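Colleague: Got a structure for you, run-v1.cif, holding mmCIF, C-alpha atoms.
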data_protein
loop_
_atom_site.label_atom_id
_atom_site.label_comp_id
_atom_site.auth_asym_id
_atom_site.auth_seq_id
_atom_site.Cartn_x
_atom_site.Cartn_y
_atom_site.Cartn_z
CA LEU A 1 105.49 -27.13 21.42
CA ALA A 2 102.40 -24.99 21.56
CA ALA A 3 102.58 -21.52 23.02
CA PRO A 4 100.04 -20.36 25.58
CA ALA A 5 96.79 -19.05 24.14
CA PRO A 6 97.43 -15.38 25.09
CA ILE A 7 100.81 -15.44 23.27
CA GLU A 8 99.27 -17.02 20.16
CA ALA A 9 96.58 -14.35 20.12
CA ALA A 10 99.17 -11.59 20.48
CA TYR A 11 101.28 -12.89 17.58
CA ARG A 12 98.15 -13.32 15.46
CA ASP A 13 97.26 -9.67 15.99
CA VAL A 14 100.80 -8.51 15.21
CA VAL A 15 100.98 -10.51 11.97
CA GLY A 16 97.55 -9.30 10.93
CA ALA A 17 98.59 -5.69 11.51
CA LEU A 18 101.81 -6.18 9.49
CA VAL A 19 99.92 -7.73 6.58
CA ALA A 20 97.46 -4.83 6.54
CA THR A 21 100.39 -2.37 6.57
CA LEU A 22 102.13 -4.12 3.68
CA CYS A 23 98.92 -4.19 1.64
CA SER A 24 98.47 -0.47 2.20
CA LEU A 25 102.10 0.23 1.23
CA ASN A 26 101.74 -1.80 -1.95
CA GLN A 27 98.69 0.22 -2.90
CA GLN A 28 100.52 3.49 -2.28
CA VAL A 29 103.56 2.32 -4.28
CA ALA A 30 101.34 1.36 -7.20
CA ALA A 31 99.59 4.73 -7.09
CA LEU A 32 102.90 6.60 -7.00
CA GLU A 33 104.22 4.55 -9.89
CA GLN A 34 101.18 5.49 -11.97
CA GLN A 35 101.68 9.17 -11.17
CA LEU A 36 105.38 8.90 -11.97
CA ALA A 37 104.70 7.24 -15.32
CA ALA A 38 102.12 9.88 -16.27
CA ARG A 39 104.33 12.84 -15.37
CA PHE A 40 107.45 11.33 -16.90
CA ALA A 41 105.62 10.62 -20.17
CA ALA A 42 104.63 14.30 -20.35
CA HIS A 43 108.26 15.45 -20.25
CA PRO A 44 109.75 16.43 -23.66
CA ASP A 45 112.87 14.31 -23.03
CA ALA A 46 110.97 11.19 -22.01
CA GLY A 47 110.94 9.68 -25.50
CA ILE A 48 114.71 10.00 -25.87
CA LEU A 49 115.36 8.57 -22.43
CA ARG A 50 112.96 5.67 -22.91
CA SER A 51 114.64 4.81 -26.19
CA GLN A 52 117.95 4.15 -24.40
CA PRO A 53 118.59 0.43 -23.77
CA GLY A 54 118.07 -0.49 -20.13
CA LEU A 55 116.07 2.60 -19.14
CA GLY A 56 112.48 1.98 -18.10
CA VAL A 57 109.97 4.36 -16.57
CA VAL A 58 111.31 4.38 -13.01
CA LEU A 59 115.03 4.29 -13.82
CA GLY A 60 114.60 6.70 -16.73
CA ALA A 61 112.79 9.18 -14.49
CA ARG A 62 115.54 8.85 -11.90
CA VAL A 63 118.26 9.54 -14.49
CA LEU A 64 116.31 12.55 -15.77
CA ALA A 65 115.79 13.89 -12.25
CA GLU A 66 119.47 13.58 -11.32
CA PHE A 67 120.80 15.03 -14.58
CA GLY A 68 118.10 17.68 -14.79
CA ASP A 69 116.50 18.89 -18.01
CA ASP A 70 118.65 22.00 -18.46
CA PRO A 71 121.17 21.22 -21.25
CA HIS A 72 123.45 24.19 -20.57
CA PRO A 73 125.45 22.69 -17.65
CA TYR A 74 126.68 19.92 -19.99
CA ALA A 75 128.46 21.59 -22.89
CA THR A 76 130.17 18.33 -23.84
CA ALA A 77 129.71 14.63 -23.23
CA LYS A 78 132.84 14.74 -21.07
CA GLY A 79 131.18 17.13 -18.66
CA ARG A 80 128.07 14.98 -18.38
CA LYS A 81 130.20 11.89 -17.75
CA ALA A 82 132.14 13.69 -15.03
CA PHE A 83 128.93 14.78 -13.32
CA ALA A 84 127.58 11.23 -13.57
CA GLY A 85 130.72 9.90 -11.90
CA THR A 86 131.37 7.38 -14.69
CA ALA A 87 134.46 9.16 -16.05
CA PRO A 88 137.70 8.15 -14.28
CA VAL A 89 140.09 10.56 -12.61
CA THR A 90 143.74 10.85 -13.61
CA ARG A 91 146.26 11.64 -10.90
CA SER A 92 149.86 12.43 -11.79
CA SER A 93 152.77 13.02 -9.44
CA GLY A 94 156.33 12.97 -10.71
CA LEU A 95 156.87 9.73 -12.60
CA ARG A 96 153.63 8.09 -11.50
CA THR A 97 150.31 8.37 -13.27
CA VAL A 98 147.25 6.63 -11.84
CA VAL A 99 143.73 6.38 -13.25
CA VAL A 100 141.10 5.66 -10.60
CA ALA A 101 137.34 5.66 -10.29
CA ARG A 102 135.79 9.03 -9.46
CA ALA A 103 134.94 9.40 -5.77
CA ALA A 104 133.48 12.93 -5.61
CA CYS A 105 130.22 12.55 -7.48
CA ASN A 106 126.45 12.30 -7.20
CA GLN A 107 126.11 8.84 -5.68
CA ARG A 108 122.43 8.54 -6.58
CA LEU A 109 123.30 9.15 -10.21
CA VAL A 110 126.25 6.75 -9.99
CA ASP A 111 123.93 4.02 -8.71
CA ALA A 112 121.40 4.77 -11.44
CA CYS A 113 124.04 4.56 -14.18
CA TYR A 114 125.33 1.30 -12.72
CA LEU A 115 121.85 -0.24 -12.81
CA TRP A 116 121.33 1.23 -16.28
CA ALA A 117 124.51 -0.44 -17.57
CA PHE A 118 123.53 -3.77 -16.01
CA ALA A 119 120.05 -3.65 -17.56
CA ALA A 120 121.51 -2.70 -20.95
CA LEU A 121 123.44 -5.99 -21.12
CA THR A 122 120.28 -7.85 -22.11
CA ALA A 123 118.67 -4.98 -24.04
CA SER A 124 121.51 -4.03 -26.39
CA PRO A 125 123.84 -6.39 -28.29
CA GLY A 126 126.34 -3.54 -28.66
CA ALA A 127 126.39 -2.92 -24.93
CA ARG A 128 126.94 -6.62 -24.36
CA ARG A 129 129.87 -6.64 -26.79
CA CYS A 130 131.41 -3.66 -25.02
CA TYR A 131 131.07 -5.34 -21.63
CA ASP A 132 132.46 -8.66 -22.88
CA ALA A 133 135.43 -6.91 -24.51
CA HIS A 134 136.35 -5.19 -21.26
CA ARG A 135 136.00 -8.45 -19.34
CA ALA A 136 138.15 -10.29 -21.90
CA ARG A 137 140.92 -7.76 -21.36
CA GLY A 138 141.00 -8.41 -17.61
CA ALA A 139 138.55 -5.86 -16.18
CA SER A 140 136.40 -6.94 -13.27
CA HIS A 141 132.60 -7.03 -13.44
CA HIS A 142 132.30 -3.66 -11.69
CA GLN A 143 135.01 -2.07 -13.83
CA ALA A 144 133.35 -3.28 -17.03
CA LEU A 145 129.97 -1.95 -15.90
CA ARG A 146 131.50 1.43 -15.05
CA ALA A 147 133.09 1.57 -18.50
CA LEU A 148 129.80 0.61 -20.14
CA GLY A 149 127.91 3.16 -18.06
CA ASN A 150 130.41 5.81 -19.15
CA ARG A 151 129.75 4.93 -22.78
CA LEU A 152 125.97 4.96 -22.30
CA VAL A 153 126.08 8.42 -20.71
CA GLY A 154 127.99 9.68 -23.73
CA ILE A 155 125.41 8.16 -26.08
CA LEU A 156 122.59 9.76 -24.09
CA HIS A 157 124.33 13.13 -24.31
CA GLY A 158 124.55 12.83 -28.08
CA CYS A 159 120.89 11.88 -28.39
CA LEU A 160 119.79 14.79 -26.20
CA ALA A 161 122.04 17.25 -28.04
CA GLN A 162 120.76 16.15 -31.46
CA ARG A 163 117.18 15.55 -30.25
CA VAL A 164 117.08 12.07 -31.74
CA ALA A 165 116.12 8.68 -30.34
CA TYR A 166 118.63 5.93 -29.67
CA GLN A 167 119.70 3.87 -32.67
CA GLU A 168 121.59 0.64 -32.06
CA GLN A 169 123.43 0.63 -35.39
CA LEU A 170 124.75 4.16 -34.91
CA ALA A 171 125.61 3.77 -31.24
CA TRP A 172 127.43 0.45 -31.65
CA PRO A 173 128.80 -0.07 -35.19
CA ALA A 174 129.38 -3.76 -35.84
CA THR A 175 132.95 -3.14 -37.00
CA GLU A 176 133.80 -0.84 -34.13
CA ALA A 177 136.95 -1.73 -32.25
CA VAL A 178 136.40 -1.38 -28.53
CA THR A 179 138.99 0.89 -26.93
CA SER A 180 141.79 -0.89 -25.15
CA VAL A 181 141.08 -1.71 -21.52
CA THR A 182 143.91 -1.43 -19.07
CA ARG A 183 144.85 -4.26 -16.76
CA PRO A 184 143.20 -4.51 -13.35
CA ARG A 185 145.16 -4.15 -10.16
CA SER A 186 145.53 -7.91 -9.84
CA ALA A 187 147.69 -7.88 -12.98
CA MET A 188 149.38 -4.52 -12.49
CA THR A 189 152.96 -4.44 -13.76
CA VAL A 190 155.66 -2.02 -12.68
CA ARG A 191 158.34 -1.31 -15.28
CA PRO A 192 161.40 0.97 -15.26
CA VAL A 193 161.12 3.98 -17.52
CA ALA A 194 164.06 5.54 -19.31
CA PRO A 195 164.51 9.29 -18.76
CA ALA A 196 163.69 9.95 -22.42
CA ALA A 197 160.40 8.12 -22.09
CA ARG A 198 159.20 9.78 -18.87
CA SER A 199 156.88 12.10 -20.74
CA ALA A 200 155.18 9.10 -22.33
CA ALA A 201 154.69 7.56 -18.89
CA ARG A 202 152.84 10.64 -17.75
CA SER A 203 150.26 10.17 -20.54
CA VAL A 204 149.48 6.53 -19.85
CA SER A 205 146.15 7.57 -18.36
CA ALA A 206 144.90 8.49 -21.82
CA VAL A 207 144.41 4.78 -22.48
CA GLY A 208 141.69 4.49 -19.86
CA ARG A 209 140.41 8.04 -19.83
CA SER A 210 137.36 7.30 -21.96
CA ASP A 211 136.48 3.79 -20.80
CA GLY A 212 135.57 4.61 -17.16
CA SER A 213 137.22 1.45 -15.84
CA GLY A 214 139.25 3.26 -13.20
CA ASN A 215 142.23 0.92 -13.61
CA PRO A 216 145.63 2.11 -12.33
CA HIS A 217 148.71 2.64 -14.51
CA THR A 218 152.11 2.92 -12.88
CA ALA A 219 155.58 3.84 -14.09
CA ARG A 220 158.64 4.12 -11.86
CA ASN A 221 162.15 5.48 -11.84
CA PRO A 222 164.75 3.16 -13.47
CA SER A 223 167.05 3.71 -10.50
CA ARG A 224 164.92 1.32 -8.45
CA SER A 225 166.08 -2.28 -8.08
CA SER A 226 165.43 -4.78 -10.85
CA ALA A 227 162.78 -6.38 -8.66
CA SER A 228 160.52 -3.44 -9.40
CA SER A 229 160.03 -4.75 -12.92
CA SER A 230 158.36 -7.92 -11.72
CA SER A 231 154.62 -8.38 -11.88
CA LEU A 232 152.76 -7.50 -8.71
CA SER A 233 149.58 -9.22 -7.69
CA GLY A 234 146.93 -7.72 -5.50
CA PRO A 235 143.19 -7.67 -5.02
CA GLY A 236 141.20 -6.40 -7.94
CA ILE A 237 138.95 -3.38 -7.69
#
Could you render the structure from this file as C-alpha coordinates?

Modeller:
Amino acid sequence: LAAPAPIEAAYRDVVGALVATLCSLNQQVAALEQQLAARFAAHPDAGILRSQPGLGVVLGARVLAEFGDDPHPYATAKGRKAFAGTAPVTRSSGLRTVVVARAACNQRLVDACYLWAFAALTASPGARRCYDAHRARGASHHQALRALGNRLVGILHGCLAQRVAYQEQLAWPATEAVTSVTRPRSAMTVRPVAPAARSAARSVSAVGRSDGSGNPHTARNPSRSSASSSSLSGPGI
(Lines of atoms letter the chains of each structure in order from A and count residues from 1; the text may use other names and numbers.)
(Lines give C-alpha, C1' and ligand atoms only; values in the text may rest on other atoms or scores of the structure.)
Protein backbone atom coordinates (compact mmCIF):
# COMPACT_ATOMS: atom_id res chain seq x y z
CA LEU A 1 0.00 0.00 0.00
CA ALA A 2 1.48 3.29 -1.06
CA ALA A 3 1.40 6.24 1.29
CA PRO A 4 0.21 9.63 0.10
CA ALA A 5 2.83 11.73 -1.64
CA PRO A 6 3.16 14.32 1.18
CA ILE A 7 3.86 11.54 3.73
CA GLU A 8 6.47 9.93 1.47
CA ALA A 9 8.19 13.27 1.04
CA ALA A 10 8.19 13.87 4.79
CA TYR A 11 9.74 10.46 5.55
CA ARG A 12 12.31 10.99 2.80
CA ASP A 13 13.40 14.25 4.40
CA VAL A 14 13.58 12.68 7.87
CA VAL A 15 15.69 9.74 6.68
CA GLY A 16 17.98 12.06 4.74
CA ALA A 17 18.50 14.21 7.83
CA LEU A 18 19.27 11.13 9.98
CA VAL A 19 21.81 9.83 7.46
CA ALA A 20 23.55 13.21 7.36
CA THR A 21 23.64 13.25 11.19
CA LEU A 22 25.12 9.75 11.38
CA CYS A 23 27.76 10.61 8.79
CA SER A 24 28.75 13.68 10.78
CA LEU A 25 28.90 11.66 14.02
CA ASN A 26 31.09 9.04 12.39
CA GLN A 27 33.49 11.73 11.26
CA GLN A 28 33.64 13.21 14.75
CA VAL A 29 34.19 9.79 16.33
CA ALA A 30 37.04 9.06 13.93
CA ALA A 31 38.64 12.44 14.68
CA LEU A 32 38.35 11.88 18.44
CA GLU A 33 39.84 8.41 18.11
CA GLN A 34 42.85 9.85 16.28
CA GLN A 35 43.34 12.46 18.99
CA LEU A 36 42.97 9.81 21.69
CA ALA A 37 45.54 7.55 20.03
CA ALA A 38 48.04 10.40 19.66
CA ARG A 39 47.72 11.59 23.26
CA PHE A 40 47.71 8.09 24.70
CA ALA A 41 50.85 7.17 22.75
CA ALA A 42 52.62 10.18 24.28
CA HIS A 43 51.98 8.96 27.84
CA PRO A 44 54.99 7.25 29.52
CA ASP A 45 52.83 4.30 30.64
CA ALA A 46 51.29 3.69 27.23
CA GLY A 47 53.86 1.09 26.18
CA ILE A 48 53.30 -0.99 29.31
CA LEU A 49 49.53 -0.80 29.00
CA ARG A 50 49.54 -1.65 25.30
CA SER A 51 51.71 -4.68 25.99
CA GLN A 52 48.99 -6.20 28.20
CA PRO A 53 46.90 -8.84 26.38
CA GLY A 54 43.46 -7.54 25.49
CA LEU A 55 44.23 -3.83 25.89
CA GLY A 56 44.03 -1.74 22.73
CA VAL A 57 44.20 2.00 22.30
CA VAL A 58 40.68 2.87 23.45
CA LEU A 59 40.38 0.32 26.27
CA GLY A 60 43.96 0.92 27.38
CA ALA A 61 43.36 4.66 27.57
CA ARG A 62 40.19 4.04 29.57
CA VAL A 63 42.03 1.80 32.05
CA LEU A 64 44.79 4.41 32.40
CA ALA A 65 42.28 7.21 32.92
CA GLU A 66 40.36 5.32 35.61
CA PHE A 67 43.44 4.10 37.48
CA GLY A 68 45.31 7.36 37.03
CA ASP A 69 49.05 7.65 36.46
CA ASP A 70 50.01 8.36 40.08
CA PRO A 71 51.55 5.14 41.48
CA HIS A 72 51.42 6.19 45.14
CA PRO A 73 47.74 5.34 45.83
CA TYR A 74 48.49 1.68 44.99
CA ALA A 75 51.21 0.52 47.35
CA THR A 76 50.41 -3.13 46.62
CA ALA A 77 48.64 -5.14 43.95
CA LYS A 78 45.93 -5.88 46.51
CA GLY A 79 45.09 -2.19 46.77
CA ARG A 80 44.88 -1.79 43.01
CA LYS A 81 42.62 -4.84 42.75
CA ALA A 82 40.34 -3.47 45.46
CA PHE A 83 40.07 -0.13 43.68
CA ALA A 84 39.35 -1.91 40.40
CA GLY A 85 36.54 -3.87 42.05
CA THR A 86 37.93 -7.23 40.91
CA ALA A 87 38.98 -8.37 44.40
CA PRO A 88 36.17 -10.10 46.33
CA VAL A 89 34.93 -9.06 49.74
CA THR A 90 34.96 -11.38 52.75
CA ARG A 91 32.15 -11.05 55.27
CA SER A 92 32.27 -12.95 58.55
CA SER A 93 29.62 -13.14 61.24
CA GLY A 94 29.79 -15.76 63.95
CA LEU A 95 30.15 -19.15 62.29
CA ARG A 96 29.43 -17.95 58.77
CA THR A 97 32.00 -16.66 56.31
CA VAL A 98 30.90 -15.48 52.87
CA VAL A 99 33.00 -14.29 49.95
CA VAL A 100 31.07 -12.09 47.51
CA ALA A 101 31.80 -9.82 44.59
CA ARG A 102 32.70 -6.24 45.52
CA ALA A 103 29.76 -3.84 45.17
CA ALA A 104 31.30 -0.52 46.25
CA CYS A 105 33.70 0.24 43.43
CA ASN A 106 34.36 2.33 40.34
CA GLN A 107 31.83 0.84 37.95
CA ARG A 108 33.50 2.31 34.87
CA LEU A 109 36.73 0.60 35.84
CA VAL A 110 34.87 -2.63 36.64
CA ASP A 111 33.35 -2.62 33.16
CA ALA A 112 36.74 -1.89 31.58
CA CYS A 113 38.40 -4.77 33.45
CA TYR A 114 35.56 -7.09 32.44
CA LEU A 115 36.02 -6.21 28.77
CA TRP A 116 39.78 -6.47 29.19
CA ALA A 117 39.48 -10.01 30.59
CA PHE A 118 37.13 -11.05 27.78
CA ALA A 119 39.48 -9.68 25.11
CA ALA A 120 42.46 -11.39 26.76
CA LEU A 121 40.91 -14.82 26.20
CA THR A 122 41.95 -14.75 22.55
CA ALA A 123 45.14 -12.73 23.04
CA SER A 124 46.83 -14.75 25.79
CA PRO A 125 47.05 -18.56 26.08
CA GLY A 126 47.76 -18.19 29.80
CA ALA A 127 44.64 -16.10 30.33
CA ARG A 128 42.63 -18.70 28.45
CA ARG A 129 44.02 -21.48 30.65
CA CYS A 130 43.11 -19.51 33.77
CA TYR A 131 39.57 -18.94 32.54
CA ASP A 132 39.11 -22.58 31.51
CA ALA A 133 40.41 -23.80 34.87
CA HIS A 134 37.89 -21.67 36.75
CA ARG A 135 35.08 -22.85 34.48
CA ALA A 136 36.12 -26.49 34.94
CA ARG A 137 35.82 -26.08 38.69
CA GLY A 138 32.22 -24.88 38.44
CA ALA A 139 32.53 -21.10 38.16
CA SER A 140 30.11 -19.30 35.88
CA HIS A 141 31.24 -17.28 32.87
CA HIS A 142 30.98 -14.00 34.79
CA GLN A 143 32.76 -15.41 37.84
CA ALA A 144 35.60 -16.75 35.71
CA LEU A 145 35.99 -13.40 33.94
CA ARG A 146 36.05 -11.56 37.27
CA ALA A 147 38.76 -13.92 38.51
CA LEU A 148 40.75 -13.45 35.31
CA GLY A 149 40.33 -9.69 35.49
CA ASN A 150 41.60 -9.77 39.07
CA ARG A 151 44.70 -11.63 37.91
CA LEU A 152 45.28 -9.25 35.00
CA VAL A 153 45.09 -6.22 37.29
CA GLY A 154 47.75 -7.80 39.49
CA ILE A 155 49.97 -8.43 36.48
CA LEU A 156 49.53 -4.84 35.33
CA HIS A 157 50.50 -3.60 38.79
CA GLY A 158 53.69 -5.64 38.69
CA CYS A 159 54.59 -4.34 35.23
CA LEU A 160 53.99 -0.73 36.25
CA ALA A 161 55.94 -1.15 39.50
CA GLN A 162 58.92 -2.71 37.73
CA ARG A 163 58.58 -0.55 34.60
CA VAL A 164 58.66 -3.57 32.31
CA ALA A 165 56.43 -4.72 29.47
CA TYR A 166 54.16 -7.74 29.72
CA GLN A 167 55.80 -11.12 29.18
CA GLU A 168 53.58 -14.13 28.64
CA GLN A 169 56.05 -16.69 29.99
CA LEU A 170 56.57 -14.79 33.24
CA ALA A 171 52.92 -13.90 33.75
CA TRP A 172 51.59 -17.41 33.09
CA PRO A 173 54.19 -20.14 33.74
CA ALA A 174 53.28 -23.30 31.86
CA THR A 175 53.58 -25.42 35.00
CA GLU A 176 51.64 -23.02 37.18
CA ALA A 177 48.80 -24.59 39.12
CA VAL A 178 45.76 -22.35 39.00
CA THR A 179 44.47 -21.54 42.48
CA SER A 180 41.49 -23.56 43.58
CA VAL A 181 38.13 -22.08 42.60
CA THR A 182 35.30 -22.39 45.05
CA ARG A 183 31.96 -23.83 44.07
CA PRO A 184 29.25 -21.53 42.70
CA ARG A 185 26.02 -20.96 44.54
CA SER A 186 24.27 -23.62 42.47
CA ALA A 187 26.51 -26.24 44.09
CA MET A 188 26.84 -24.66 47.53
CA THR A 189 27.06 -27.21 50.33
CA VAL A 190 26.25 -26.59 53.99
CA ARG A 191 28.12 -28.80 56.45
CA PRO A 192 28.12 -28.96 60.27
CA VAL A 193 31.31 -27.75 61.87
CA ALA A 194 32.70 -29.15 65.10
CA PRO A 195 33.46 -26.58 67.82
CA ALA A 196 37.18 -27.31 67.50
CA ALA A 197 37.09 -26.55 63.80
CA ARG A 198 35.15 -23.28 63.98
CA SER A 199 38.28 -21.19 63.59
CA ALA A 200 39.05 -23.02 60.35
CA ALA A 201 35.56 -22.25 59.08
CA ARG A 202 36.15 -18.56 59.60
CA SER A 203 39.16 -18.67 57.23
CA VAL A 204 37.42 -20.43 54.35
CA SER A 205 37.35 -17.15 52.45
CA ALA A 206 41.11 -17.37 51.97
CA VAL A 207 40.47 -19.94 49.25
CA GLY A 208 38.75 -17.41 47.01
CA ARG A 209 40.36 -14.23 48.24
CA SER A 210 42.80 -13.96 45.35
CA ASP A 211 40.72 -15.35 42.49
CA GLY A 212 38.02 -12.63 42.39
CA SER A 213 35.25 -15.15 41.72
CA GLY A 214 33.01 -13.87 44.50
CA ASN A 215 31.73 -17.36 45.34
CA PRO A 216 30.12 -17.89 48.77
CA HIS A 217 31.44 -20.25 51.45
CA THR A 218 29.18 -21.26 54.30
CA ALA A 219 29.68 -23.16 57.56
CA ARG A 220 26.98 -23.69 60.17
CA ASN A 221 26.51 -24.74 63.76
CA PRO A 222 26.43 -28.55 64.29
CA SER A 223 23.37 -28.14 66.50
CA ARG A 224 21.24 -27.65 63.39
CA SER A 225 19.29 -30.62 62.05
CA SER A 226 21.02 -33.22 59.90
CA ALA A 227 19.19 -31.83 56.89
CA SER A 228 21.51 -28.86 56.96
CA SER A 229 24.31 -31.06 55.67
CA SER A 230 22.53 -31.75 52.41
CA SER A 231 23.50 -30.02 49.21
CA LEU A 232 21.49 -26.93 48.39
CA SER A 233 20.79 -25.85 44.86
CA GLY A 234 20.09 -22.32 43.78
CA PRO A 235 20.67 -19.94 40.91
CA GLY A 236 24.27 -19.25 40.09
CA ILE A 237 25.75 -15.79 40.23

Colleague: Can you spell out as an NGL selection string the set of residues that the PyMOL selection byres ((chain A and resi 43) around 12) selects in the structure I just provided?

Modeller: :A and (36-42 or 44-50 or 57 or 60-61 or 64-65 or 68-69)

Colleague: Any chance you can output those residues with C-alpha atoms as a PDB file, in the frame of the given file?

Modeller:
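Below you can see selection20.pdb, which holds the result:
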ATOM      1  CA  LEU A  36     105.380   8.900 -11.970  1.00  0.00           C
ATOM      2  CA  ALA A  37     104.700   7.240 -15.320  1.00  0.00           C
ATOM      3  CA  ALA A  38     102.120   9.880 -16.270  1.00  0.00           C
ATOM      4  CA  ARG A  39     104.330  12.840 -15.370  1.00  0.00           C
ATOM      5  CA  PHE A  40     107.450  11.330 -16.900  1.00  0.00           C
ATOM      6  CA  ALA A  41     105.620  10.620 -20.170  1.00  0.00           C
ATOM      7  CA  ALA A  42     104.630  14.300 -20.350  1.00  0.00           C
ATOM      8  CA  PRO A  44     109.750  16.430 -23.660  1.00  0.00           C
ATOM      9  CA  ASP A  45     112.870  14.310 -23.030  1.00  0.00           C
ATOM     10  CA  ALA A  46     110.970  11.190 -22.010  1.00  0.00           C
ATOM     11  CA  GLY A  47     110.940   9.680 -25.500  1.00  0.00           C
ATOM     12  CA  ILE A  48     114.710  10.000 -25.870  1.00  0.00           C
ATOM     13  CA  LEU A  49     115.360   8.570 -22.430  1.00  0.00           C
ATOM     14  CA  ARG A  50     112.960   5.670 -22.910  1.00  0.00           C
ATOM     15  CA  VAL A  57     109.970   4.360 -16.570  1.00  0.00           C
ATOM     16  CA  GLY A  60     114.600   6.700 -16.730  1.00  0.00           C
ATOM     17  CA  ALA A  61     112.790   9.180 -14.490  1.00  0.00           C
ATOM     18  CA  LEU A  64     116.310  12.550 -15.770  1.00  0.00           C
ATOM     19  CA  ALA A  65     115.790  13.890 -12.250  1.00  0.00           C
ATOM     20  CA  GLY A  68     118.100  17.680 -14.790  1.00  0.00           C
ATOM     21  CA  ASP A  69     116.500  18.890 -18.010  1.00  0.00           C
TER      22      ASP A  69
END

Colleague: Kindly give the distance, in Å, that separates atom CA of Ala87 of chain A and atom CA of Gln143 of chain A, rounded to a single decimal.

Modeller: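 Taking atom CA of Ala87 of chain A and atom CA of Gln143 of chain A, their separation equals 11.5 Å.
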
Colleague: Using all atoms listed in the file, pick whichever of A:Pro4, A:Gly126, A:Pro73, A:Gly154 has the shortest atom-to-atom distance to Thr86 of chain A.

Modeller: A:Gly154

Colleague: Do you have the atom CA of Gln162 of chain A-atom CA of Ala104 of chain A distance handy?

Modeller: 29.0 Å

Colleague: Which residue is closest to Val63 of chain A? Choose from A:Arg102, A:Arg96, A:Arg12, A:Arg108 and count all atoms listed in the file.

Modeller: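 For Val63 of chain A, the nearest of the given residues is A:Arg108.
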
Colleague: How big is the axis-aligned box around the listed atoms of segment 26-36 of chain A once 8 Å is added on each side, and where is its centre? Give both in Å to one decimal, as JSON.

Modeller:
{"center_x": 102.0, "center_y": 3.7, "center_z": -7.0, "size_x": 22.7, "size_y": 27.0, "size_z": 26.0}

Colleague: Can you tell me how far atom CA of Ala117 of chain A sits from atom CA of Leu145 of chain A, in Å to one decimal?

Modeller: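 We find that atom CA of Ala117 of chain A and atom CA of Leu145 of chain A lie 5.9 Å from each other.
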
Colleague: Could you list, as a PyMOL selection string, every residue within 12 Å of Tyr74 of chain A, counting only C-alpha atoms and ignoring same-chain residues fewer than 2 positions away?

Modeller: chain A and resi 67-72+76-84+153-154+156-158+160-161

Colleague: With the file shown as input, list the residues that the PyMOL selection byres ((chain A and resi 129) around 12) selects, as a short mmCIF file (atom, residue, chain, number, x, y, z; two decimals) with C-alpha atoms, keeping the file's coordinate frame.

Modeller:
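Wrote it out as expr_15.cif, contents follow:
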data_model
loop_
_atom_site.label_atom_id
_atom_site.label_comp_id
_atom_site.auth_asym_id
_atom_site.auth_seq_id
_atom_site.Cartn_x
_atom_site.Cartn_y
_atom_site.Cartn_z
CA ALA A 120 121.51 -2.70 -20.95
CA LEU A 121 123.44 -5.99 -21.12
CA THR A 122 120.28 -7.85 -22.11
CA ALA A 123 118.67 -4.98 -24.04
CA SER A 124 121.51 -4.03 -26.39
CA PRO A 125 123.84 -6.39 -28.29
CA GLY A 126 126.34 -3.54 -28.66
CA ALA A 127 126.39 -2.92 -24.93
CA ARG A 128 126.94 -6.62 -24.36
CA CYS A 130 131.41 -3.66 -25.02
CA TYR A 131 131.07 -5.34 -21.63
CA ASP A 132 132.46 -8.66 -22.88
CA ALA A 133 135.43 -6.91 -24.51
CA HIS A 134 136.35 -5.19 -21.26
CA ARG A 135 136.00 -8.45 -19.34
CA ALA A 136 138.15 -10.29 -21.90
CA ALA A 144 133.35 -3.28 -17.03
CA LEU A 145 129.97 -1.95 -15.90
CA LEU A 148 129.80 0.61 -20.14
CA TRP A 172 127.43 0.45 -31.65
CA PRO A 173 128.80 -0.07 -35.19
CA ALA A 174 129.38 -3.76 -35.84
CA THR A 175 132.95 -3.14 -37.00
CA GLU A 176 133.80 -0.84 -34.13
CA ALA A 177 136.95 -1.73 -32.25
CA VAL A 178 136.40 -1.38 -28.53
CA THR A 179 138.99 0.89 -26.93
#

Colleague: Would you translate the PyMOL selection byres ((chain A and resi 165) around 6) into the concrete set of residues it matches in this file, as a PDB file with C-alpha atoms, in the coordinates of the input?

Modeller:
ATOM      1  CA  ILE A  48     114.710  10.000 -25.870  1.00  0.00           C
ATOM      2  CA  SER A  51     114.640   4.810 -26.190  1.00  0.00           C
ATOM      3  CA  VAL A 164     117.080  12.070 -31.740  1.00  0.00           C
ATOM      4  CA  TYR A 166     118.630   5.930 -29.670  1.00  0.00           C
TER       5      TYR A 166
END

Colleague: Restricting the calculation to all atoms listed in the file, which member of A:Leu18, A:Leu59, A:Ala31, A:Leu170 is positioned closest to Ala119 of chain A?

Modeller: A:Leu59

Colleague: Would you please work out which residue, of A:Val89, A:Ala9, A:Ala112, A:Ala103, is nearest to Val58 of chain A when using all atoms listed in the file?

Modeller: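 Comparing A:Val89, A:Ala9, A:Ala112, A:Ala103 against Val58 of chain A, the winner is A:Ala112.
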